[in-house]
$ cat entry_28.cif   # mmCIF, C-alpha atoms
data_query
loop_
_atom_site.group_PDB
_atom_site.id
_atom_site.type_symbol
_atom_site.label_atom_id
_atom_site.label_comp_id
_atom_site.auth_asym_id
_atom_site.auth_seq_id
_atom_site.Cartn_x
_atom_site.Cartn_y
_atom_site.Cartn_z
ATOM 1 C CA MET A 1 26.521 -26.330 75.240
ATOM 2 C CA LEU A 2 27.863 -22.990 74.055
ATOM 3 C CA ASP A 3 31.192 -24.525 73.048
ATOM 4 C CA ALA A 4 29.358 -26.550 70.378
ATOM 5 C CA MET A 5 28.052 -23.381 68.715
ATOM 6 C CA SER A 6 29.120 -23.099 65.070
ATOM 7 C CA LEU A 7 29.685 -20.281 62.603
ATOM 8 C CA ASP A 8 27.093 -21.906 60.379
ATOM 9 C CA GLN A 9 24.503 -21.355 63.106
ATOM 10 C CA LEU A 10 25.538 -17.726 63.469
ATOM 11 C CA ARG A 11 25.348 -17.148 59.703
ATOM 12 C CA THR A 12 21.861 -18.676 59.683
ATOM 13 C CA PHE A 13 20.855 -16.460 62.620
ATOM 14 C CA ILE A 14 22.101 -13.339 60.810
ATOM 15 C CA ALA A 15 20.401 -14.320 57.531
ATOM 16 C CA ALA A 16 17.065 -14.893 59.285
ATOM 17 C CA ALA A 17 17.302 -11.542 61.070
ATOM 18 C CA ASP A 18 18.279 -9.660 57.894
ATOM 19 C CA GLU A 19 15.780 -11.321 55.556
ATOM 20 C CA GLY A 20 12.816 -11.187 57.954
ATOM 21 C CA SER A 21 11.699 -14.781 57.494
ATOM 22 C CA PHE A 22 13.084 -18.290 57.671
ATOM 23 C CA SER A 23 12.026 -19.046 54.111
ATOM 24 C CA ALA A 24 13.825 -15.955 52.766
ATOM 25 C CA ALA A 25 16.896 -16.889 54.797
ATOM 26 C CA GLY A 26 16.737 -20.345 53.243
ATOM 27 C CA ARG A 27 16.687 -18.854 49.756
ATOM 28 C CA LYS A 28 19.646 -16.641 50.569
ATOM 29 C CA LEU A 29 21.626 -19.546 52.027
ATOM 30 C CA ARG A 30 20.315 -22.010 49.408
ATOM 31 C CA ARG A 31 18.815 -24.270 52.043
ATOM 32 C CA ALA A 32 15.375 -25.604 52.792
ATOM 33 C CA GLN A 33 13.276 -23.665 55.273
ATOM 34 C CA SER A 34 13.138 -26.737 57.493
ATOM 35 C CA VAL A 35 16.952 -26.773 57.710
ATOM 36 C CA VAL A 36 16.978 -23.096 58.701
ATOM 37 C CA SER A 37 14.308 -23.691 61.357
ATOM 38 C CA THR A 38 16.168 -26.685 62.791
ATOM 39 C CA THR A 39 19.490 -24.830 62.831
ATOM 40 C CA LEU A 40 17.971 -21.885 64.711
ATOM 41 C CA ALA A 41 16.127 -24.163 67.147
ATOM 42 C CA ASN A 42 19.415 -25.886 67.969
ATOM 43 C CA LEU A 43 21.128 -22.514 68.444
ATOM 44 C CA GLU A 44 18.361 -21.377 70.790
ATOM 45 C CA GLN A 45 18.710 -24.582 72.775
ATOM 46 C CA GLN A 46 22.435 -23.963 73.108
ATOM 47 C CA VAL A 47 22.136 -20.339 74.276
ATOM 48 C CA GLY A 48 19.260 -21.203 76.569
ATOM 49 C CA PHE A 49 16.583 -18.766 75.337
ATOM 50 C CA ALA A 50 14.529 -17.842 72.284
ATOM 51 C CA LEU A 51 16.117 -15.637 69.630
ATOM 52 C CA PHE A 52 12.913 -15.153 67.637
ATOM 53 C CA GLU A 53 9.255 -14.602 68.454
ATOM 54 C CA ARG A 54 7.240 -16.974 66.275
ATOM 55 C CA THR A 55 3.697 -15.888 67.187
ATOM 56 C CA GLY A 56 3.057 -13.650 64.165
ATOM 57 C CA ARG A 57 3.143 -14.239 60.443
ATOM 58 C CA TYR A 58 6.859 -13.472 60.362
ATOM 59 C CA PRO A 59 9.454 -14.221 63.047
ATOM 60 C CA ARG A 60 10.678 -11.216 65.012
ATOM 61 C CA LEU A 61 13.870 -10.919 67.020
ATOM 62 C CA THR A 62 13.366 -11.133 70.760
ATOM 63 C CA GLU A 63 15.061 -8.532 72.912
ATOM 64 C CA ALA A 64 17.771 -11.050 73.723
ATOM 65 C CA GLY A 65 18.125 -11.991 70.048
ATOM 66 C CA ALA A 66 18.567 -8.347 69.053
ATOM 67 C CA ALA A 67 21.207 -7.970 71.775
ATOM 68 C CA LEU A 68 23.209 -10.884 70.324
ATOM 69 C CA LEU A 69 22.909 -9.946 66.652
ATOM 70 C CA ASP A 70 25.827 -7.483 66.576
ATOM 71 C CA GLN A 71 28.017 -9.992 68.417
ATOM 72 C CA ALA A 72 27.104 -12.647 65.858
ATOM 73 C CA ARG A 73 28.052 -10.296 63.023
ATOM 74 C CA ALA A 74 31.366 -9.496 64.696
ATOM 75 C CA ALA A 75 32.161 -13.193 65.171
ATOM 76 C CA VAL A 76 31.368 -14.051 61.543
ATOM 77 C CA ASP A 77 33.254 -11.016 60.212
ATOM 78 C CA GLY A 78 36.241 -11.936 62.349
ATOM 79 C CA MET A 79 36.349 -15.474 60.989
ATOM 80 C CA ASN A 80 35.906 -14.222 57.426
ATOM 81 C CA ALA A 81 38.825 -11.828 57.953
ATOM 82 C CA PHE A 82 40.929 -14.670 59.399
ATOM 83 C CA LYS A 83 40.239 -16.917 56.413
ATOM 84 C CA ALA A 84 40.841 -14.085 53.949
ATOM 85 C CA LYS A 85 44.178 -13.228 55.560
ATOM 86 C CA ALA A 86 45.207 -16.880 55.587
ATOM 87 C CA ARG A 87 44.272 -17.221 51.925
ATOM 88 C CA THR A 88 46.297 -14.133 51.034
ATOM 89 C CA LEU A 89 49.375 -15.367 52.911
ATOM 90 C CA ALA A 90 49.094 -18.802 51.289
ATOM 91 C CA GLU A 91 48.828 -17.307 47.815
ATOM 92 C CA GLY A 92 51.910 -15.108 48.125
ATOM 93 C CA LEU A 93 52.618 -12.497 45.445
ATOM 94 C CA GLU A 94 49.925 -12.316 42.778
ATOM 95 C CA PRO A 95 51.058 -13.586 39.331
ATOM 96 C CA GLU A 96 49.090 -10.666 37.879
ATOM 97 C CA LEU A 97 47.308 -7.669 39.402
ATOM 98 C CA ALA A 98 43.969 -6.723 37.834
ATOM 99 C CA VAL A 99 42.409 -3.423 38.926
ATOM 100 C CA ALA A 100 39.189 -1.719 37.802
ATOM 101 C CA VAL A 101 39.500 2.075 37.927
ATOM 102 C CA ASP A 102 36.786 4.695 37.752
ATOM 103 C CA VAL A 103 37.143 6.917 34.708
ATOM 104 C CA MET A 104 36.783 9.941 37.006
ATOM 105 C CA PHE A 105 39.995 9.087 38.873
ATOM 106 C CA PRO A 106 42.788 11.625 38.143
ATOM 107 C CA ILE A 107 44.865 10.125 35.354
ATOM 108 C CA ALA A 108 48.090 11.815 36.519
ATOM 109 C CA THR A 109 47.775 10.202 39.955
ATOM 110 C CA LEU A 110 46.975 6.831 38.408
ATOM 111 C CA THR A 111 49.910 7.071 35.981
ATOM 112 C CA ALA A 112 52.339 7.910 38.777
ATOM 113 C CA ALA A 113 51.068 4.946 40.806
ATOM 114 C CA VAL A 114 51.445 2.596 37.833
ATOM 115 C CA GLN A 115 55.012 3.825 37.223
ATOM 116 C CA ALA A 116 55.870 3.237 40.879
ATOM 117 C CA PHE A 117 54.222 -0.193 40.742
ATOM 118 C CA GLN A 118 56.321 -1.159 37.724
ATOM 119 C CA ARG A 119 59.488 -0.247 39.606
ATOM 120 C CA GLN A 120 58.384 -2.111 42.753
ATOM 121 C CA PHE A 121 57.044 -5.232 41.020
ATOM 122 C CA PRO A 122 58.823 -5.436 37.631
ATOM 123 C CA THR A 123 57.764 -9.049 36.987
ATOM 124 C CA THR A 124 54.085 -8.634 37.945
ATOM 125 C CA PRO A 125 51.857 -7.689 34.982
ATOM 126 C CA LEU A 126 49.201 -5.054 35.641
ATOM 127 C CA ARG A 127 45.801 -5.201 33.942
ATOM 128 C CA LEU A 128 43.512 -2.144 34.192
ATOM 129 C CA TYR A 129 39.801 -1.836 33.444
ATOM 130 C CA VAL A 130 38.811 1.835 33.108
ATOM 131 C CA GLU A 131 35.054 2.170 33.421
ATOM 132 C CA ALA A 132 32.282 4.207 35.069
ATOM 133 C CA LEU A 133 29.462 3.568 37.522
ATOM 134 C CA GLY A 134 28.540 -0.103 37.909
ATOM 135 C CA ALA A 135 30.970 -1.222 35.205
ATOM 136 C CA VAL A 136 33.823 -0.458 37.637
ATOM 137 C CA VAL A 137 32.366 -2.874 40.187
ATOM 138 C CA GLN A 138 31.343 -5.624 37.762
ATOM 139 C CA PRO A 139 34.859 -7.044 37.176
ATOM 140 C CA LEU A 140 35.332 -7.225 40.950
ATOM 141 C CA LEU A 141 32.035 -9.052 41.492
ATOM 142 C CA ASP A 142 32.816 -11.368 38.575
ATOM 143 C CA GLY A 143 36.211 -12.242 40.017
ATOM 144 C CA ARG A 144 38.120 -10.717 37.116
ATOM 145 C CA CYS A 145 39.984 -8.271 39.367
ATOM 146 C CA ARG A 146 41.031 -8.015 43.018
ATOM 147 C CA VAL A 147 40.654 -4.258 43.524
ATOM 148 C CA ALA A 148 38.232 -1.647 42.193
ATOM 149 C CA ILE A 149 38.638 2.128 42.492
ATOM 150 C CA ILE A 150 35.116 3.563 42.533
ATOM 151 C CA GLY A 151 33.797 7.112 42.625
ATOM 152 C CA SER A 152 31.040 7.759 40.102
ATOM 153 C CA LEU A 153 28.985 4.982 41.726
ATOM 154 C CA PRO A 154 28.088 6.500 45.112
ATOM 155 C CA GLU A 155 27.437 3.170 46.844
ATOM 156 C CA ILE A 156 29.655 0.444 48.286
ATOM 157 C CA PRO A 157 28.363 -2.969 47.149
ATOM 158 C CA ALA A 158 27.408 -5.519 49.790
ATOM 159 C CA GLY A 159 30.211 -7.862 50.745
ATOM 160 C CA CYS A 160 32.933 -5.309 49.971
ATOM 161 C CA ALA A 161 35.459 -3.591 52.222
ATOM 162 C CA SER A 162 36.196 0.052 51.422
ATOM 163 C CA GLU A 163 39.111 2.449 51.961
ATOM 164 C CA PHE A 164 38.905 6.170 51.196
ATOM 165 C CA LEU A 165 41.541 7.418 48.745
ATOM 166 C CA LEU A 166 40.834 11.007 47.704
ATOM 167 C CA SER A 167 38.171 13.465 46.581
ATOM 168 C CA VAL A 168 37.768 14.637 42.988
ATOM 169 C CA GLY A 169 36.048 17.956 42.318
ATOM 170 C CA ALA A 170 33.207 18.085 39.786
ATOM 171 C CA VAL A 171 32.014 21.092 37.792
ATOM 172 C CA ALA A 172 29.171 21.771 35.380
ATOM 173 C CA VAL A 173 30.525 23.043 32.055
ATOM 174 C CA ALA A 174 29.402 24.043 28.588
ATOM 175 C CA ALA A 175 30.906 25.518 25.443
ATOM 176 C CA PRO A 176 31.142 29.342 25.408
ATOM 177 C CA ASN A 177 28.482 29.524 22.658
ATOM 178 C CA HIS A 178 26.006 27.351 24.582
ATOM 179 C CA PRO A 179 22.833 29.156 25.760
ATOM 180 C CA LEU A 180 23.561 28.362 29.411
ATOM 181 C CA ALA A 181 26.954 30.066 29.143
ATOM 182 C CA ALA A 182 25.171 33.410 28.765
ATOM 183 C CA HIS A 183 23.582 33.114 32.210
ATOM 184 C CA HIS A 184 25.157 35.152 34.966
ATOM 185 C CA GLY A 185 24.837 33.799 38.463
ATOM 186 C CA PRO A 186 23.224 30.575 39.661
ATOM 187 C CA ILE A 187 21.163 28.568 37.185
ATOM 188 C CA ALA A 188 18.147 26.762 38.575
ATOM 189 C CA GLN A 189 17.917 23.044 37.892
ATOM 190 C CA GLU A 190 14.622 23.645 36.073
ATOM 191 C CA VAL A 191 16.378 25.994 33.636
ATOM 192 C CA ALA A 192 19.346 23.702 33.075
ATOM 193 C CA GLY A 193 16.929 20.816 32.596
ATOM 194 C CA GLN A 194 15.507 22.470 29.491
ATOM 195 C CA HIS A 195 18.775 21.865 27.620
ATOM 196 C CA VAL A 196 20.395 18.629 26.480
ATOM 197 C CA GLN A 197 22.536 17.146 29.231
ATOM 198 C CA LEU A 198 25.456 14.914 28.293
ATOM 199 C CA VAL A 199 25.554 11.979 30.700
ATOM 200 C CA LEU A 200 28.051 9.201 31.239
ATOM 201 C CA THR A 201 26.259 5.860 30.988
ATOM 202 C CA ASP A 202 26.905 2.498 32.590
ATOM 203 C CA ARG A 203 28.214 -0.374 30.442
ATOM 204 C CA SER A 204 26.983 -2.845 33.066
ATOM 205 C CA THR A 205 23.432 -3.644 34.190
ATOM 206 C CA LEU A 206 24.099 -2.917 37.873
ATOM 207 C CA THR A 207 22.499 0.528 37.728
ATOM 208 C CA ALA A 208 19.803 -0.223 35.145
ATOM 209 C CA GLY A 209 16.891 2.192 35.508
ATOM 210 C CA ARG A 210 18.805 4.519 37.836
ATOM 211 C CA ASN A 211 20.263 7.969 37.211
ATOM 212 C CA PHE A 212 23.042 9.829 38.984
ATOM 213 C CA GLY A 213 23.309 13.604 38.591
ATOM 214 C CA VAL A 214 20.710 13.738 35.796
ATOM 215 C CA MET A 215 18.285 16.672 35.818
ATOM 216 C CA ALA A 216 17.450 17.254 32.137
ATOM 217 C CA ALA A 217 14.440 15.841 30.335
ATOM 218 C CA GLN A 218 16.565 15.228 27.251
ATOM 219 C CA THR A 219 19.890 13.462 27.666
ATOM 220 C CA TRP A 220 22.566 12.121 25.416
ATOM 221 C CA ARG A 221 24.219 9.119 27.021
ATOM 222 C CA LEU A 222 27.829 8.324 26.291
ATOM 223 C CA ALA A 223 29.869 5.351 27.489
ATOM 224 C CA ASP A 224 33.179 7.159 26.973
ATOM 225 C CA LEU A 225 34.326 10.169 29.024
ATOM 226 C CA GLY A 226 36.598 11.327 26.207
ATOM 227 C CA ALA A 227 33.620 11.475 23.843
ATOM 228 C CA LYS A 228 31.613 13.414 26.419
ATOM 229 C CA HIS A 229 34.489 15.864 26.775
ATOM 230 C CA ALA A 230 34.657 16.378 22.990
ATOM 231 C CA PHE A 231 30.876 16.796 22.691
ATOM 232 C CA LEU A 232 30.865 19.411 25.457
ATOM 233 C CA LYS A 233 33.523 21.449 23.658
ATOM 234 C CA ALA A 234 31.502 21.127 20.452
ATOM 235 C CA GLY A 235 28.499 22.749 22.159
ATOM 236 C CA LEU A 236 26.282 19.673 21.861
ATOM 237 C CA GLY A 237 25.078 19.949 25.451
ATOM 238 C CA TRP A 238 26.128 20.676 29.003
ATOM 239 C CA GLY A 239 27.267 18.303 31.709
ATOM 240 C CA TYR A 240 29.353 17.555 34.767
ATOM 241 C CA MET A 241 33.042 16.769 34.416
ATOM 242 C CA PRO A 242 35.870 16.052 36.853
ATOM 243 C CA LEU A 243 37.638 19.357 37.429
ATOM 244 C CA HIS A 244 41.116 17.998 36.730
ATOM 245 C CA MET A 245 40.050 16.986 33.212
ATOM 246 C CA VAL A 246 38.700 20.386 32.134
ATOM 247 C CA GLU A 247 41.024 22.831 33.943
ATOM 248 C CA ASP A 248 43.009 23.555 30.773
ATOM 249 C CA ASP A 249 39.788 24.091 28.783
ATOM 250 C CA LEU A 250 38.469 26.507 31.402
ATOM 251 C CA ARG A 251 41.719 28.473 31.316
ATOM 252 C CA SER A 252 41.779 28.610 27.503
ATOM 253 C CA GLY A 253 38.068 29.421 27.171
ATOM 254 C CA LYS A 254 37.177 26.265 25.252
ATOM 255 C CA LEU A 255 34.726 25.509 28.069
ATOM 256 C CA VAL A 256 33.092 27.743 30.638
ATOM 257 C CA ARG A 257 31.933 26.865 34.094
ATOM 258 C CA ILE A 258 28.189 27.214 34.548
ATOM 259 C CA ASP A 259 26.736 27.699 37.987
ATOM 260 C CA VAL A 260 24.120 24.952 37.995
ATOM 261 C CA ALA A 261 22.795 23.974 41.408
ATOM 262 C CA LEU A 262 24.542 20.710 42.216
ATOM 263 C CA HIS A 263 22.436 17.589 42.053
ATOM 264 C CA ALA A 264 21.849 15.974 45.441
ATOM 265 C CA ARG A 265 23.190 12.597 44.224
ATOM 266 C CA LEU A 266 26.390 14.186 42.883
ATOM 267 C CA GLY A 267 27.333 16.765 45.489
ATOM 268 C CA PRO A 268 30.509 18.801 45.008
ATOM 269 C CA GLY A 269 32.438 15.918 43.459
ATOM 270 C CA PHE A 270 33.401 12.279 43.665
ATOM 271 C CA SER A 271 34.709 10.451 46.708
ATOM 272 C CA MET A 272 37.169 7.830 45.491
ATOM 273 C CA HIS A 273 37.393 4.542 47.380
ATOM 274 C CA ALA A 274 39.408 1.369 46.899
ATOM 275 C CA ILE A 275 37.190 -1.659 47.439
ATOM 276 C CA HIS A 276 37.706 -5.406 47.479
ATOM 277 C CA MET A 277 35.644 -8.427 48.381
ATOM 278 C CA LYS A 278 35.813 -9.023 52.131
ATOM 279 C CA ASP A 279 36.497 -12.720 51.610
ATOM 280 C CA HIS A 280 39.109 -12.147 48.889
ATOM 281 C CA PRO A 281 41.389 -9.210 49.751
ATOM 282 C CA PRO A 282 44.301 -8.168 47.545
ATOM 283 C CA GLY A 283 47.686 -9.846 47.916
ATOM 284 C CA PRO A 284 50.993 -8.066 48.522
ATOM 285 C CA ALA A 285 51.086 -6.320 45.142
ATOM 286 C CA GLY A 286 47.459 -5.167 45.331
ATOM 287 C CA ARG A 287 47.895 -4.025 48.931
ATOM 288 C CA TRP A 288 50.977 -2.023 47.930
ATOM 289 C CA PHE A 289 49.124 -0.432 45.009
ATOM 290 C CA VAL A 290 46.190 0.696 47.204
ATOM 291 C CA ASN A 291 48.527 2.066 49.877
ATOM 292 C CA HIS A 292 50.446 4.011 47.245
ATOM 293 C CA LEU A 293 47.221 5.588 45.948
ATOM 294 C CA LYS A 294 46.270 6.564 49.512
ATOM 295 C CA GLN A 295 49.598 8.331 49.946
ATOM 296 C CA GLN A 296 48.870 10.516 46.921
#
$ encode --input "entry_28.cif" --output "structure tokens"
Amino acid sequence: MLDAMSLDQLRTFIAAADEGSFSAAGRKLRRAQSVVSTTLANLEQQVGFALFERTGRYPRLTEAGAALLDQARAAVDGMNAFKAKARTLAEGLEPELAVAVDVMFPIATLTAAVQAFQRQFPTTPLRLYVEALGAVVQPLLDGRCRVAIIGSLPEIPAGCASEFLLSVGAVAVAAPNHPLAAHHGPIAQEVAGQHVQLVLTDRSTLTAGRNFGVMAAQTWRLADLGAKHAFLKAGLGWGYMPLHMVEDDLRSGKLVRIDVALHARLGPGFSMHAIHMKDHPPGPAGRWFVNHLKQQ
């Protein structure tokens, strides 16, 4: 009986466990609730015991069902990885490599990687999307690119595989004539929040209604990091910047570092990761590009 078990049954089992009801699992899988119920009943018949308790309003995993859930996930993930690898091998070298890159990623490191890529794959065009927050992920989810380098969005989207690349330091800065620049020592978030904070905004809708590193009541939101940089030097507000982008300004005195207590969502900087869809990994050129970034 167990040899007749299918991946479809395991995916239905996982969906029902994750969603908390057979109807919700049906919506996720785009199937009728009756189909989900029948599929799970057949699976239970094959394994020889109940996977769900059905006495309450919502089905609950039995002890045996909970014990099998991780194994089901591993089996499905393994098959997904097999199919993804097979697809990559069948495709061969990508005709074009499209990569979405977080605007916070060090430009010198990115430039060096692009130069090396051009030498390694001279006939493969490279297309880059440089964005922030959810707009880095959107081209990946839309299928417009194979790899995304994220950092300002502190979450890995569902269905994505992630590889750590590097850490980028972040500092709070202001112009030397800004009121906060006159403070000596740590500045409480309540004090900093009384002044206009310049914030990088998301061009996508993935983070609508959410804020990252925002503590001021009044904010100016900018979709371009270069504009934010210029506005900071003009004294129009204070804000966080990647350290590598403002080091020269700090040395020359065009900007000063202000000791604002770091926001819990921001921490000491940005952790850069290369992500791709689990079921659609990068081909040889994309894999080479990610590996080269990791070596930096």
$ resolve_selection --input "entry_28.cif" --expression "the PyMOL selection byres ((chain A and resi 242) around 8)" --output "ChimeraX atom specification"
/A:104,168-171,240-241,243-246,269
$ write_last_selection --input "entry_28.cif" --atoms "C-alpha atoms" --output "PDB file, in the frame of the given file"
ATOM      1  CA  MET A 104      36.783   9.941  37.006  1.00  0.00           C
ATOM      2  CA  VAL A 168      37.768  14.637  42.988  1.00  0.00           C
ATOM      3  CA  GLY A 169      36.048  17.956  42.318  1.00  0.00           C
ATOM      4  CA  ALA A 170      33.207  18.085  39.786  1.00  0.00           C
ATOM      5  CA  VAL A 171      32.014  21.092  37.792  1.00  0.00           C
ATOM      6  CA  TYR A 240      29.353  17.555  34.767  1.00  0.00           C
ATOM      7  CA  MET A 241      33.042  16.769  34.416  1.00  0.00           C
ATOM      8  CA  LEU A 243      37.638  19.357  37.429  1.00  0.00           C
ATOM      9  CA  HIS A 244      41.116  17.998  36.730  1.00  0.00           C
ATOM     10  CA  MET A 245      40.050  16.986  33.212  1.00  0.00           C
ATOM     11  CA  VAL A 246      38.700  20.386  32.134  1.00  0.00           C
ATOM     12  CA  GLY A 269      32.438  15.918  43.459  1.00  0.00           C
TER      13      GLY A 269
END
$ residues_around --input "entry_28.cif" --residues "A:Phe270" --least-positions-apart "2" --cutoff "12 Å" --atoms "only C-alpha atoms" --output "JSON, numbers by chain"
{"A": [102, 103, 104, 105, 106, 132, 133, 149, 150, 151, 152, 153, 154, 155, 164, 165, 166, 167, 168, 169, 170, 171, 212, 213, 240, 241, 242, 243, 244, 265, 266, 267, 268, 272, 273]}
$ resolve_selection --input "entry_28.cif" --expression "the PyMOL selection byres ((chain A and resi 23) around 12)" --output "PyMOL selection string"
chain A and resi 12+15-22+24-37+57-59
$ residues_around --input "entry_28.cif" --residues "A:Cys160" --least-positions-apart "3" --cutoff "10 Å" --atoms "only C-alpha atoms" --output "PyMOL selection string"
chain A and resi 140-141+156-157+274-281
$ resolve_selection --input "entry_28.cif" --expression "the PyMOL selection byres ((chain A and resi 60-66) around 9)" --output "list in words"
Ala17, Gly20, Ser21, Phe49, Ala50, Leu51, Phe52, Glu53, Arg54, Thr55, Gly56, Tyr58, Pro59, Ala67, Leu68, Leu69 and Asp70 of chain A
$ atom_distance --input "entry_28.cif" --atom1 "atom CA of A:Val173" --atom2 "atom CA of A:Ala188"
14.5 Å
$ atom_distance --input "entry_28.cif" --atom1 "atom CA of A:Ser204" --atom2 "atom CA of A:Gln115"
29.1 Å
$ atom_distance --input "entry_28.cif" --atom1 "atom CA of A:Ala148" --atom2 "atom CA of A:Ala100"
4.5 Å
$ closest_residue --input "entry_28.cif" --among "A:Ile187, A:Leu198, A:Ile258, A:Leu97" --to "A:Thr124" --atoms "only C-alpha atoms"
A:Leu97
$ closest_residue --input "entry_28.cif" --among "A:Ala90, A:Ala72, A:Ala81, A:Val137" --to "A:Arg203" --atoms "only C-alpha atoms"
A:Val137
$ closest_residue --input "entry_28.cif" --among "A:Ala116, A:Leu222, A:Ala172, A:Val290" --to "A:Val147" --atoms "all atoms listed in the file"
A:Val290
$ residues_around --input "entry_28.cif" --residues "A:Ala181" --least-positions-apart "2" --cutoff "12 Å" --atoms "all atoms listed in the file" --output "PyMOL selection string"
chain A and resi 172-179+183-187+192+195+232+235+237-238+253-260
$ residues_around --input "entry_28.cif" --residues "A:Arg221" --least-positions-apart "2" --cutoff "7 Å" --atoms "only C-alpha atoms" --output "number ranges by chain"
A: 198-201, 219, 223
$ closest_residue --input "entry_28.cif" --among "A:Ala285, A:Val214, A:Leu293, A:Leu43" --to "A:Glu96" --atoms "all atoms listed in the file"
A:Ala285
$ closest_residue --input "entry_28.cif" --among "A:Leu10, A:Ala4, A:Leu126, A:Met215" --to "A:Phe289" --atoms "only C-alpha atoms"
A:Leu126
$ closest_residue --input "entry_28.cif" --among "A:Ala41, A:Pro139, A:Gly48, A:Trp220" --to "A:Arg127" --atoms "only C-alpha atoms"
A:Pro139
